[in-house]
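Shown here: run09.cif, mmCIF, C-alpha atoms.
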data_run
loop_
_atom_site.label_atom_id
_atom_site.label_comp_id
_atom_site.auth_asym_id
_atom_site.auth_seq_id
_atom_site.Cartn_x
_atom_site.Cartn_y
_atom_site.Cartn_z
CA MET A 708 0.00 0.00 0.00
CA LYS A 709 1.13 3.51 -0.82
CA TYR A 710 0.43 6.27 1.69
CA VAL A 711 0.11 10.03 1.49
CA THR A 712 1.25 12.22 4.35
CA LEU A 713 -1.34 14.82 5.31
CA ASN A 714 -0.42 18.37 6.28
CA ASN A 715 -0.37 17.44 9.98
CA GLY A 716 1.91 14.42 9.50
CA VAL A 717 -0.83 11.76 9.61
CA LYS A 718 -0.37 9.01 7.03
CA MET A 719 -3.41 8.02 4.95
CA PRO A 720 -3.68 5.09 2.53
CA ILE A 721 -3.91 6.37 -1.05
CA LEU A 722 -6.45 3.62 -1.78
CA GLY A 723 -9.49 2.98 0.38
CA TYR A 724 -12.96 1.48 0.26
CA GLY A 725 -16.01 3.74 -0.01
CA VAL A 726 -19.47 2.76 1.22
CA TYR A 727 -21.56 5.42 -0.54
CA GLN A 728 -24.86 3.82 -1.64
CA VAL A 729 -24.03 0.57 0.15
CA ASP A 730 -27.25 -0.72 1.68
CA PRO A 731 -27.04 -0.44 5.49
CA ALA A 732 -28.11 -4.10 5.68
CA GLU A 733 -25.14 -5.10 3.52
CA CYS A 734 -22.56 -2.66 4.82
CA GLU A 735 -21.09 -4.82 7.57
CA ARG A 736 -20.53 -7.71 5.16
CA CYS A 737 -19.07 -5.44 2.48
CA VAL A 738 -16.62 -3.76 4.85
CA LEU A 739 -15.54 -7.12 6.27
CA ASP A 740 -14.95 -8.32 2.70
CA ALA A 741 -12.95 -5.18 1.91
CA ILE A 742 -10.78 -5.52 5.00
CA SER A 743 -10.15 -9.21 4.25
CA ALA A 744 -9.13 -8.15 0.72
CA GLY A 745 -6.49 -5.85 2.20
CA TYR A 746 -8.19 -2.47 2.52
CA ARG A 747 -7.40 -0.52 5.66
CA SER A 748 -9.07 2.79 4.80
CA ILE A 749 -12.89 2.91 4.97
CA ASP A 750 -14.90 5.98 3.94
CA THR A 751 -18.45 6.51 5.20
CA ALA A 752 -20.67 9.48 6.11
CA GLN A 753 -23.56 10.38 8.36
CA ALA A 754 -25.76 10.82 5.27
CA TYR A 755 -25.04 7.28 4.05
CA ASN A 756 -26.94 5.83 7.03
CA ASN A 757 -24.48 2.95 7.29
CA GLU A 758 -22.01 4.06 9.96
CA GLU A 759 -23.36 1.28 12.19
CA GLY A 760 -22.42 -1.33 9.60
CA VAL A 761 -18.91 0.08 9.42
CA GLY A 762 -18.72 0.06 13.21
CA ASN A 763 -19.84 -3.56 13.40
CA ALA A 764 -17.18 -4.52 10.86
CA ILE A 765 -14.49 -2.61 12.78
CA GLU A 766 -15.48 -4.55 15.89
CA LYS A 767 -15.52 -7.97 14.19
CA CYS A 768 -12.74 -7.78 11.59
CA GLY A 769 -9.87 -8.89 13.82
CA VAL A 770 -7.63 -6.06 12.60
CA GLN A 771 -6.30 -3.72 15.27
CA ARG A 772 -8.01 -0.33 15.28
CA ALA A 773 -4.65 1.44 14.88
CA GLU A 774 -4.20 -0.29 11.51
CA LEU A 775 -7.49 1.09 10.17
CA PHE A 776 -8.13 4.56 8.77
CA ILE A 777 -11.78 5.54 9.21
CA THR A 778 -13.35 8.56 7.52
CA THR A 779 -16.82 9.96 8.07
CA LYS A 780 -18.51 13.25 7.21
CA VAL A 781 -20.78 15.77 8.94
CA TRP A 782 -24.02 16.20 7.00
CA ILE A 783 -25.68 19.54 6.19
CA SER A 784 -28.47 19.03 8.73
CA ASN A 785 -25.81 18.83 11.45
CA GLY A 786 -24.26 22.14 10.43
CA GLY A 787 -23.23 24.59 13.15
CA TYR A 788 -21.16 24.19 16.29
CA GLU A 789 -23.66 22.55 18.63
CA LYS A 790 -25.27 20.19 16.13
CA ALA A 791 -21.92 19.17 14.65
CA LYS A 792 -20.54 18.47 18.10
CA ALA A 793 -23.54 16.27 18.95
CA SER A 794 -23.37 14.50 15.59
CA LEU A 795 -19.69 13.68 16.12
CA ALA A 796 -20.52 11.97 19.41
CA ASP A 797 -23.25 10.04 17.61
CA SER A 798 -20.87 9.00 14.80
CA LEU A 799 -18.28 7.80 17.30
CA LYS A 800 -20.95 5.68 19.00
CA LYS A 801 -22.18 4.20 15.71
CA LEU A 802 -18.64 3.50 14.51
CA LYS A 803 -17.82 1.86 17.86
CA THR A 804 -14.54 3.72 18.18
CA ASP A 805 -13.15 6.40 20.46
CA TYR A 806 -11.55 8.36 17.62
CA ILE A 807 -12.02 9.04 13.92
CA ASP A 808 -9.03 9.24 11.60
CA LEU A 809 -10.53 11.81 9.22
CA LEU A 810 -13.67 13.90 9.62
CA LEU A 811 -14.91 15.99 6.71
CA ILE A 812 -17.57 18.64 6.20
CA HIS A 813 -19.71 16.83 3.63
CA GLN A 814 -21.07 19.84 1.73
CA PRO A 815 -20.21 23.57 1.73
CA PHE A 816 -23.65 24.61 3.00
CA ASN A 817 -25.30 25.69 6.25
CA ASP A 818 -23.04 27.01 9.03
CA TYR A 819 -19.92 25.12 7.99
CA TYR A 820 -17.72 27.56 9.89
CA GLY A 821 -19.48 26.55 13.10
CA THR A 822 -19.16 22.91 12.08
CA TYR A 823 -15.44 23.33 11.58
CA ARG A 824 -15.06 24.95 15.01
CA ALA A 825 -16.56 21.83 16.57
CA MET A 826 -14.29 19.66 14.44
CA THR A 827 -11.22 21.71 15.37
CA GLU A 828 -12.09 21.37 19.05
CA ALA A 829 -12.42 17.59 18.73
CA TYR A 830 -9.18 17.48 16.72
CA LYS A 831 -7.29 19.31 19.47
CA ALA A 832 -8.82 16.95 22.05
CA GLY A 833 -7.54 13.92 20.11
CA ARG A 834 -10.93 12.52 19.09
CA ILE A 835 -10.11 13.18 15.42
CA ARG A 836 -6.69 12.67 13.85
CA ALA A 837 -7.31 14.95 10.85
CA ILE A 838 -10.09 17.27 9.67
CA GLY A 839 -11.03 18.44 6.22
CA VAL A 840 -13.77 19.24 3.73
CA SER A 841 -15.64 17.72 0.82
CA ASN A 842 -17.11 19.32 -2.32
CA PHE A 843 -15.37 22.65 -1.72
CA TYR A 844 -14.64 24.29 -5.07
CA PRO A 845 -11.44 26.36 -5.37
CA ASP A 846 -13.08 29.68 -4.45
CA ARG A 847 -14.66 28.31 -1.28
CA LEU A 848 -11.55 26.32 -0.40
CA ILE A 849 -9.26 29.35 -0.68
CA ASP A 850 -11.63 31.47 1.43
CA PHE A 851 -11.87 28.70 4.01
CA CYS A 852 -8.12 28.05 4.21
CA GLN A 853 -7.37 31.73 4.62
CA PHE A 854 -9.36 32.01 7.83
CA GLN A 855 -8.83 28.68 9.60
CA GLU A 856 -6.36 28.00 12.38
CA VAL A 857 -6.24 24.36 11.24
CA VAL A 858 -5.98 24.18 7.45
CA PRO A 859 -8.11 21.32 6.05
CA ALA A 860 -6.03 18.19 5.55
CA VAL A 861 -8.21 16.82 2.73
CA ASN A 862 -10.72 18.00 0.13
CA GLN A 863 -12.82 15.18 -1.30
CA VAL A 864 -14.27 16.16 -4.68
CA GLU A 865 -15.66 14.47 -7.78
CA THR A 866 -12.59 13.31 -9.71
CA HIS A 867 -12.32 10.86 -12.60
CA PRO A 868 -10.88 10.80 -16.15
CA PHE A 869 -13.64 13.08 -17.50
CA GLN A 870 -13.44 15.55 -14.58
CA GLN A 871 -9.85 15.62 -13.40
CA GLN A 872 -10.05 18.84 -11.37
CA LYS A 873 -6.67 20.01 -12.67
CA ALA A 874 -7.06 23.65 -11.59
CA ALA A 875 -8.55 22.61 -8.25
CA HIS A 876 -5.69 20.14 -7.76
CA ASP A 877 -3.15 22.94 -8.13
CA ILE A 878 -5.01 25.08 -5.58
CA MET A 879 -5.09 22.17 -3.14
CA LYS A 880 -1.36 21.65 -3.55
CA LYS A 881 -0.73 25.35 -2.98
CA TYR A 882 -2.58 25.26 0.35
CA GLY A 883 -1.28 21.86 1.46
CA VAL A 884 -4.66 20.14 1.13
CA GLN A 885 -4.70 16.51 -0.05
CA HIS A 886 -6.87 15.89 -3.11
CA GLU A 887 -9.24 12.93 -2.65
CA SER A 888 -11.59 11.57 -5.30
CA TRP A 889 -15.20 10.57 -4.94
CA GLY A 890 -16.75 8.82 -7.92
CA PRO A 891 -13.48 7.69 -9.55
CA PHE A 892 -15.50 5.67 -12.09
CA ALA A 893 -18.21 8.36 -12.47
CA GLU A 894 -20.62 5.51 -11.66
CA GLY A 895 -20.08 4.30 -15.22
CA ARG A 896 -21.48 7.46 -16.78
CA LYS A 897 -20.38 8.59 -20.23
CA ASP A 898 -19.57 4.96 -21.08
CA MET A 899 -16.57 5.09 -18.76
CA PHE A 900 -16.04 1.32 -18.66
CA THR A 901 -16.02 0.94 -22.46
CA ASN A 902 -13.91 4.00 -23.22
CA PRO A 903 -11.60 2.89 -26.07
CA VAL A 904 -8.60 4.92 -24.88
CA ILE A 905 -8.67 3.52 -21.35
CA LYS A 906 -9.51 0.02 -22.56
CA ALA A 907 -6.53 0.00 -24.96
CA ILE A 908 -4.22 1.04 -22.14
CA GLY A 909 -5.66 -1.72 -19.95
CA ASP A 910 -5.07 -4.29 -22.67
CA LYS A 911 -1.44 -3.14 -22.88
CA TYR A 912 -0.86 -3.89 -19.19
CA GLY A 913 -3.27 -6.80 -18.84
CA LYS A 914 -5.44 -4.70 -16.53
CA SER A 915 -9.11 -3.71 -16.42
CA VAL A 916 -10.48 -0.26 -17.21
CA ALA A 917 -11.17 0.23 -13.49
CA GLN A 918 -7.58 -0.61 -12.59
CA VAL A 919 -6.22 1.83 -15.18
CA ILE A 920 -8.46 4.61 -13.84
CA LEU A 921 -7.38 4.00 -10.25
CA ARG A 922 -3.73 3.80 -11.26
CA PHE A 923 -4.02 7.06 -13.22
CA LEU A 924 -5.48 8.87 -10.20
CA ILE A 925 -2.97 7.36 -7.78
CA GLN A 926 -0.07 8.44 -10.02
CA SER A 927 -1.67 11.89 -10.10
CA ASP A 928 -1.37 12.02 -6.28
CA VAL A 929 -5.10 11.68 -5.77
CA VAL A 930 -6.50 9.49 -2.98
CA VAL A 931 -9.16 7.08 -4.27
CA ILE A 932 -12.01 5.26 -2.48
CA PRO A 933 -13.73 3.00 -5.04
CA LYS A 934 -16.94 1.26 -4.02
CA SER A 935 -18.17 -2.20 -4.91
CA THR A 936 -20.42 -4.70 -3.16
CA HIS A 937 -18.71 -7.63 -4.91
CA LYS A 938 -15.59 -9.03 -3.28
CA GLU A 939 -13.99 -10.00 -6.59
CA ARG A 940 -14.26 -6.36 -7.73
CA MET A 941 -12.87 -5.16 -4.40
CA ILE A 942 -9.86 -7.43 -4.96
CA GLU A 943 -9.49 -6.21 -8.54
CA ASN A 944 -9.61 -2.56 -7.44
CA PHE A 945 -7.03 -3.25 -4.76
CA ASN A 946 -4.54 -4.83 -7.17
CA VAL A 947 -3.17 -1.64 -8.70
CA PHE A 948 0.28 -1.51 -7.12
CA ASP A 949 1.96 -4.09 -9.34
CA PHE A 950 2.15 -1.86 -12.41
CA ALA A 951 2.69 1.79 -13.35
CA LEU A 952 1.38 3.74 -16.31
CA ALA A 953 4.02 5.06 -18.68
CA ALA A 954 4.19 8.80 -19.32
CA GLU A 955 2.47 8.48 -22.70
CA ASP A 956 -0.42 6.54 -21.13
CA MET A 957 -0.81 9.13 -18.36
CA LYS A 958 -0.92 11.79 -21.07
CA ALA A 959 -3.55 9.86 -23.04
CA VAL A 960 -5.88 9.59 -20.04
CA ALA A 961 -5.20 13.22 -19.09
CA ALA A 962 -6.41 14.23 -22.55
CA LEU A 963 -9.87 12.77 -21.77
CA ASP A 964 -10.57 15.57 -19.29
CA GLU A 965 -13.75 17.49 -20.10
CA SER A 966 -13.42 19.73 -17.01
CA GLU A 967 -17.07 19.42 -16.08
CA SER A 968 -19.09 17.32 -13.69
CA ALA A 969 -20.69 14.07 -14.76
CA PHE A 970 -23.24 14.62 -11.96
CA PHE A 971 -24.04 18.19 -10.89
CA SER A 972 -22.53 21.58 -10.13
CA HIS A 973 -22.53 23.27 -6.74
CA TYR A 974 -22.79 26.54 -8.65
CA ASP A 975 -26.19 25.55 -10.08
CA PRO A 976 -29.02 27.16 -8.06
CA GLN A 977 -31.32 24.14 -8.49
CA THR A 978 -28.60 21.81 -7.19
CA VAL A 979 -27.98 24.09 -4.22
CA GLU A 980 -31.70 24.25 -3.45
CA PHE A 981 -31.92 20.45 -3.65
CA LEU A 982 -28.90 19.79 -1.41
CA THR A 983 -29.78 22.43 1.17
CA GLY A 984 -33.34 21.09 1.17
CA LEU A 985 -31.94 17.69 2.20
CA GLY A 986 -30.26 19.37 5.14
CA LYS A 987 -33.44 20.76 6.67
#
Mind converting the file's structure to structure tokens?
Amino acid sequence: MKYVTLNNGVKMPILGYGVYQVDPAECERCVLDAISAGYRSIDTAQAYNNEEGVGNAIEKCGVQRAELFITTKVWISNGGYEKAKASLADSLKKLKTDYIDLLLIHQPFNDYYGTYRAMTEAYKAGRIRAIGVSNFYPDRLIDFCQFQEVVPAVNQVETHPFQQQKAAHDIMKKYGVQHESWGPFAEGRKDMFTNPVIKAIGDKYGKSVAQVILRFLIQSDVVVIPKSTHKERMIENFNVFDFALAAEDMKAVAALDESESAFFSHYDPQTVEFLTGLGK
């Protein structure tokens, strides 16, 4: 496993397992499968409603807690100092752990400054090893970094071959924030898994399209957290450290960038109304 070192010295696996859209009833089994396949980083969120499943797996997996890297996220409805503080206590209880490795603000809405104050307090108290944000575009990230005592360690944003976040990546590097991808496969949108460029590169190395995508992002210094409910796919996604893409192959995938979301934009008023509506 390759690790990245966050801006506070904490080491984070560059490859983890994400449980977004994993049925709460299946989550425990899926996380246990992922851990048995070699994953040590697990990414969940309050809004996924499956923190309990992750917690059960942590308790049953037989791997020491110190070897695991657990991420969760504060949802919009828990925005503000008091609510965020209470939600953190609830997440710790559901995850059956006395500390969280990485806690993120899930969306840049509601009183996220108050949320971050609660996170900073918990970070200083040792209940969180690192704090950060998710879905913060460059303008919001710069504004946020400029006024925080503890600069976010991570920014988790949509990142895949068709939306590589090149400009955002440079801003993150400038401020010492680790770039992390959600949706590395864009959930198969835009015919991702049959893309002829990526498929040809995979054939060259004897690797799948998914493995080429993960390898491309890893070599671009982006943390990835692919999700699958099938153990064989988990194993496939994990086996990306036995090859490296040549410069010309990195360039070929880089050329696929369309610099726009395959899902939605946080600048779109309808999207903002939808997301903030979920937080009420």
Kindly compute an axis-aligned box around the listed atoms of stretch 961-973 of chain A, allowing 8 Å on each side, and express its centre and edge lengths in Å to one decimal as lines of an AutoDock Vina configuration file.
center_x = -14.6
center_y = 18.0
center_z = -14.6
size_x = 34.8
size_y = 26.5
size_z = 31.8
Excluding same-chain residues fewer than 3 positions from A:Phe776, what lies within 9 Å of it counting all atoms listed in the file, as a PDB file with C-alpha atoms, keeping the file's coordinate frame?
ATOM      1  CA  MET A 719      -3.410   8.020   4.950  1.00  0.00           C
ATOM      2  CA  PRO A 720      -3.680   5.090   2.530  1.00  0.00           C
ATOM      3  CA  GLY A 723      -9.490   2.980   0.380  1.00  0.00           C
ATOM      4  CA  ARG A 747      -7.400  -0.520   5.660  1.00  0.00           C
ATOM      5  CA  SER A 748      -9.070   2.790   4.800  1.00  0.00           C
ATOM      6  CA  ILE A 749     -12.890   2.910   4.970  1.00  0.00           C
ATOM      7  CA  ASP A 750     -14.900   5.980   3.940  1.00  0.00           C
ATOM      8  CA  ARG A 772      -8.010  -0.330  15.280  1.00  0.00           C
ATOM      9  CA  ALA A 773      -4.650   1.440  14.880  1.00  0.00           C
ATOM     10  CA  ILE A 807     -12.020   9.040  13.920  1.00  0.00           C
ATOM     11  CA  ASP A 808      -9.030   9.240  11.600  1.00  0.00           C
ATOM     12  CA  LEU A 809     -10.530  11.810   9.220  1.00  0.00           C
TER      13      LEU A 809
END
Quiz item: Quick one: of A:Val770, A:Ser743, A:Val717, A:Val738, who's nearest to A:Glu758, counting all atoms listed in the file?
Solution: A:Val738
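Interatomic distance, atom CA of A:Ile932 against atom CA of A:Pro859: 18.6 Å.
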Residue neighbourhood A:Phe970, 10 Å, all atoms listed in the file, exclusion window fewer than 3 positions, as a PDB file with C-alpha atoms, in the frame of the given file:
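Once written, out-v2.pdb looks like this:
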ATOM      1  CA  GLU A 865     -15.660  14.470  -7.780  1.00  0.00           C
ATOM      2  CA  GLY A 890     -16.750   8.820  -7.920  1.00  0.00           C
ATOM      3  CA  ALA A 893     -18.210   8.360 -12.470  1.00  0.00           C
ATOM      4  CA  GLU A 894     -20.620   5.510 -11.660  1.00  0.00           C
ATOM      5  CA  ARG A 896     -21.480   7.460 -16.780  1.00  0.00           C
ATOM      6  CA  GLU A 967     -17.070  19.420 -16.080  1.00  0.00           C
TER       7      GLU A 967
END
Exercise. List, as JSON, numbers by chain, every residue that the PyMOL selection byres ((chain A and resi 929) around 9) selects in the file provided.
Key: {"A": [721, 866, 876, 885, 886, 887, 888, 923, 924, 925, 926, 927, 928, 930, 931]}
Grab the residues selected above and save them as a PDB file, in the frame of the given file with C-alpha atoms.
ATOM      1  CA  ILE A 721      -3.910   6.370  -1.050  1.00  0.00           C
ATOM      2  CA  THR A 866     -12.590  13.310  -9.710  1.00  0.00           C
ATOM      3  CA  HIS A 876      -5.690  20.140  -7.760  1.00  0.00           C
ATOM      4  CA  GLN A 885      -4.700  16.510  -0.050  1.00  0.00           C
ATOM      5  CA  HIS A 886      -6.870  15.890  -3.110  1.00  0.00           C
ATOM      6  CA  GLU A 887      -9.240  12.930  -2.650  1.00  0.00           C
ATOM      7  CA  SER A 888     -11.590  11.570  -5.300  1.00  0.00           C
ATOM      8  CA  PHE A 923      -4.020   7.060 -13.220  1.00  0.00           C
ATOM      9  CA  LEU A 924      -5.480   8.870 -10.200  1.00  0.00           C
ATOM     10  CA  ILE A 925      -2.970   7.360  -7.780  1.00  0.00           C
ATOM     11  CA  GLN A 926      -0.070   8.440 -10.020  1.00  0.00           C
ATOM     12  CA  SER A 927      -1.670  11.890 -10.100  1.00  0.00           C
ATOM     13  CA  ASP A 928      -1.370  12.020  -6.280  1.00  0.00           C
ATOM     14  CA  VAL A 930      -6.500   9.490  -2.980  1.00  0.00           C
ATOM     15  CA  VAL A 931      -9.160   7.080  -4.270  1.00  0.00           C
TER      16      VAL A 931
END
Quiz item: A:Ile742: which residues within 12 Å, counting all atoms listed in the file, same-chain residues fewer than 5 positions away excluded, as a PyMOL selection string?
Solution: chain A and resi 723-725+735-737+747-749+761+764-772+774-777+938+941-942+945
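Between atom CA of A:Thr712 and atom CA of A:Ser841 the separation is 18.1 Å.
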Decode the PyMOL selection byres ((chain A and resi 868) around 10) for the given file into explicit residues and return them as a PDB file with C-alpha atoms, in the coordinates of the input.
ATOM      1  CA  THR A 866     -12.590  13.310  -9.710  1.00  0.00           C
ATOM      2  CA  HIS A 867     -12.320  10.860 -12.600  1.00  0.00           C
ATOM      3  CA  PHE A 869     -13.640  13.080 -17.500  1.00  0.00           C
ATOM      4  CA  GLN A 870     -13.440  15.550 -14.580  1.00  0.00           C
ATOM      5  CA  GLN A 871      -9.850  15.620 -13.400  1.00  0.00           C
ATOM      6  CA  GLN A 872     -10.050  18.840 -11.370  1.00  0.00           C
ATOM      7  CA  PRO A 891     -13.480   7.690  -9.550  1.00  0.00           C
ATOM      8  CA  PHE A 892     -15.500   5.670 -12.090  1.00  0.00           C
ATOM      9  CA  ALA A 893     -18.210   8.360 -12.470  1.00  0.00           C
ATOM     10  CA  MET A 899     -16.570   5.090 -18.760  1.00  0.00           C
ATOM     11  CA  ILE A 905      -8.670   3.520 -21.350  1.00  0.00           C
ATOM     12  CA  ILE A 920      -8.460   4.610 -13.840  1.00  0.00           C
ATOM     13  CA  LEU A 921      -7.380   4.000 -10.250  1.00  0.00           C
ATOM     14  CA  PHE A 923      -4.020   7.060 -13.220  1.00  0.00           C
ATOM     15  CA  LEU A 924      -5.480   8.870 -10.200  1.00  0.00           C
ATOM     16  CA  VAL A 960      -5.880   9.590 -20.040  1.00  0.00           C
ATOM     17  CA  ALA A 961      -5.200  13.220 -19.090  1.00  0.00           C
ATOM     18  CA  ALA A 962      -6.410  14.230 -22.550  1.00  0.00           C
ATOM     19  CA  LEU A 963      -9.870  12.770 -21.770  1.00  0.00           C
ATOM     20  CA  ASP A 964     -10.570  15.570 -19.290  1.00  0.00           C
ATOM     21  CA  GLU A 965     -13.750  17.490 -20.100  1.00  0.00           C
ATOM     22  CA  SER A 966     -13.420  19.730 -17.010  1.00  0.00           C
TER      23      SER A 966
END
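Nearest-residue note for A:Glu955: choosing from A:Ile908, A:Leu810, A:Ala732, A:Leu739, the minimum distance belongs to A:Ile908, counting all atoms listed in the file.
Take the candidates A:Trp782, A:Tyr727, A:Tyr788, A:Phe900 and check each one against A:Tyr755 using only C-alpha atoms; the shortest distance goes to A:Tyr727.
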Quiz item: If you measure from atom CA of A:Leu795 to atom CA of A:Glu980, what distance in Å do you get, rounded to one decimal?
Solution: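 Rounded to one decimal, the two atoms are 25.3 Å apart.
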Quiz prompt | Closest of A:Ala741, A:Ile783, A:Ala793, A:Val947 to A:Thr983 - atom-to-atom distances counting all atoms listed in the file | solution =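 Ranking A:Ala741, A:Ile783, A:Ala793, A:Val947 by distance to A:Thr983, first place goes to A:Ile783.
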Exercise. Given the file shown, determine the residues that the PyMOL selection byres ((chain A and resi 847) around 12) selects; report them as a ChimeraX atom specification.
Key: /A:814-816,819-820,840-846,848-854,862,875,878-879,973-974
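The smallest atom-to-atom distance between A:Leu952 and any of A:Leu799, A:Ala754, A:Val919, A:Ala969, using only C-alpha atoms, is found for A:Val919.
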